[in-house]
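Peer 1: Structure provided below as structure tokens; questions to follow.
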Amino acid sequence: MISQQTKQIPDTLLLEERAGHVLSAIIGMADEDFGYIPFFAANLMEKPAFLTHGDWDYGSSHGRLVDALILARHMTGDERGRDIEERYRANFLSFFKEDGLSYRQINPKAPWETNANLIDQRAVILALTSWFMSTGDRKIKHVADKHVAALKRIAIKEKDVWYYPASEYTVNGWPSTNAIQLRLAPDPAAFCGRLVMPLLKYYELTGNMDAFELCQFFSALIVHRSGVFNPDGSFNDSLAYRSGHFHTRIGTLDALARFALHTQDASIIHFVKKSYDWALTRSTTFGWTPGDMHEQAFEHETCSLVDLISTGITLARVGYVEYWGIVERFMRNHLTESQLLNLDWVVGADSKANDDVGMKSFFNVAERTRGAFAGYSAPNDFCCNVSGGRGHTSDLQTCCIGSGTRGLFMGWSNTITEHNGTISVNFLLNRGSRWLDVSSHLPHEGKVELEIHRSVPRLLVRIPEWAGYAKVEVYRELGDSVRTQSGSEPSMWVNQRFLALGPVQAGEKITLTFPLSERQTIEKAVGQEFITRWRGDDVIHLSPAGTHHPFYNNRKIFEKAPLRSGQYRRLQEEFYW
């Protein structure tokens, strides 16, 4: 950590601050009366609101939350709740059997069976990878190596693809050999495709070849044999493919994009881009996505949005720079709008008198969930209670809390990047780093300030497409020296949207200004239309308004960005996903 002092910074979106809020919710979801197993879901519309357990409580929830705690602490340095985190980690490790897989546990009040669910294994290797990356703990590497070996051992292997023939593996093996013989593989995206993302990162960290082989043969399965994605890039919406479930589809695209970048496979990048662009046509430009294409179509999962963010970042990194702006809109709008910070509308109970231990709790729900991300939201409301689809089910799930944290981390870690000596400011968000600080006055003013800490040979700053180029002005100060530049000058632009500021020196302060765009769009979501008012990349009004916990319409805009005392986190060394 680089020492620094508190200073005046814009009171605008600060992702590391949001990570501090979600850390509170991650800790608050622990059920101290049930072995500190976290609750999985919450119903906030009921009076009183309540938390519930589910069969996702084990490898999936613990894996997601351990990963999220590591990322949130890296972003914030916040040490709150270490005692509960240690309970999460101990629980997490206790779910492994000798075969190397993570198993769901028996809840005496529920009919859930013990099995190694393949959806859970993705969260498991995700957490193990972040855990090892952040600590270098060789014991965790041993657990991860054994887990990856098990994932490889149980895969059904054919000439050019591997797959899993069922959604659950048992202590006695696969439930049916007939399923193997007939190739009755369940949804390949949910059980194979999404696994590629954490497995690839684990391979990059450790060189584990089992992990790489799983990535290679699962990727081949998805692209060439699975039928998950139609030839035009659309999602296969048949029931066998979970009705085109968006989280698992886009999560698979995220995995494939990363694998393509690693292997330099342009054909897979083309495959991903085609389907990603199709997914964008089913989403709003501020980041709401359908849950699937049928029964859950009305229910947005924060998980799906984070998949869109992560995939868009990888596509931008390989050269499709237009996705930087798309991703910034997602983060400024539906990601952060979906974070539960105001709970005045939630009716709670201040005792555990009516709790059903191990299943349901009514106690202090609002306080325990503050900072969580929406599980199923409408475009204009934290709560989805429409007449279509399944109606109201729940309002937040542990998976979306973990994913939302990961979305904050992906935005934070990719705001400022370095490659071969070039520093790029990709998102116009508040962020500190060892090279420079970014102070963003958006959406109040078209103004971004850069404070340079280290001299760098080349600095690029992405300018939003709506800002144009001729009215972009640059004001550079170094001691008593002042010089100006303009976006209308020749040779100032590279990669379509990046302002090239050339070499910069330590101690230099650079102020960029440009006009703000105010516009109105009509956004469509599952047959509904929403009139959307924009200021820059921020939605400042949405109509029709929500009814339970409305989104967007309480955002305040000022002529000058308000300031506050604060500081940015500047780490000497960062880790990346």
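By convention here, the chains of the structure tokens are called A, B, ... in the order presented, each chain's residues are numbered starting at 1, and ligands are numbered starting at 1 in the order presented.
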Going by DSSP on the backbone, which residues of region 217-421 of chain A come out as alpha helix (DSSP H)? List them as a ChimeraX atom specification.
Peer 2: /A:217-220,246-263,266-281,302-317,322-330,336-337,365-369,398-413
Peer 1: Excluding Glu477 (chain A) and any residue of its chain fewer than 4 positions from it, enumerate the residues within 12 Å of it, using only C-alpha atoms, and give them as a PyMOL selection string.
Peer 2: chain A and resi 449-452+481-485+504-512
Peer 1: Which one is closest to Ser102 (chain A): A:Phe286, A:Phe558, A:Trp56, A:Phe575? Count only C-alpha atoms.
Peer 2: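 Nearest to Ser102 (chain A): A:Trp56.
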Peer 1: Counting only C-alpha atoms, which residue out of A:Pro111, A:Gly358, A:Gly63, A:Gly136 sits closest to Phe34 (chain A)?
Peer 2: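 Comparing A:Pro111, A:Gly358, A:Gly63, A:Gly136 against Phe34 (chain A), the winner is A:Gly358.
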Peer 1: Can you tell me, as JSON, numbers by chain, what residues are no more than 12 Å from Pro503 (chain A) when counting only C-alpha atoms, ignoring any on the same chain fewer than 5 positions away?
Peer 2: {"A": [421, 422, 423, 452, 454, 455, 456, 457, 458, 459, 460, 476, 508]}
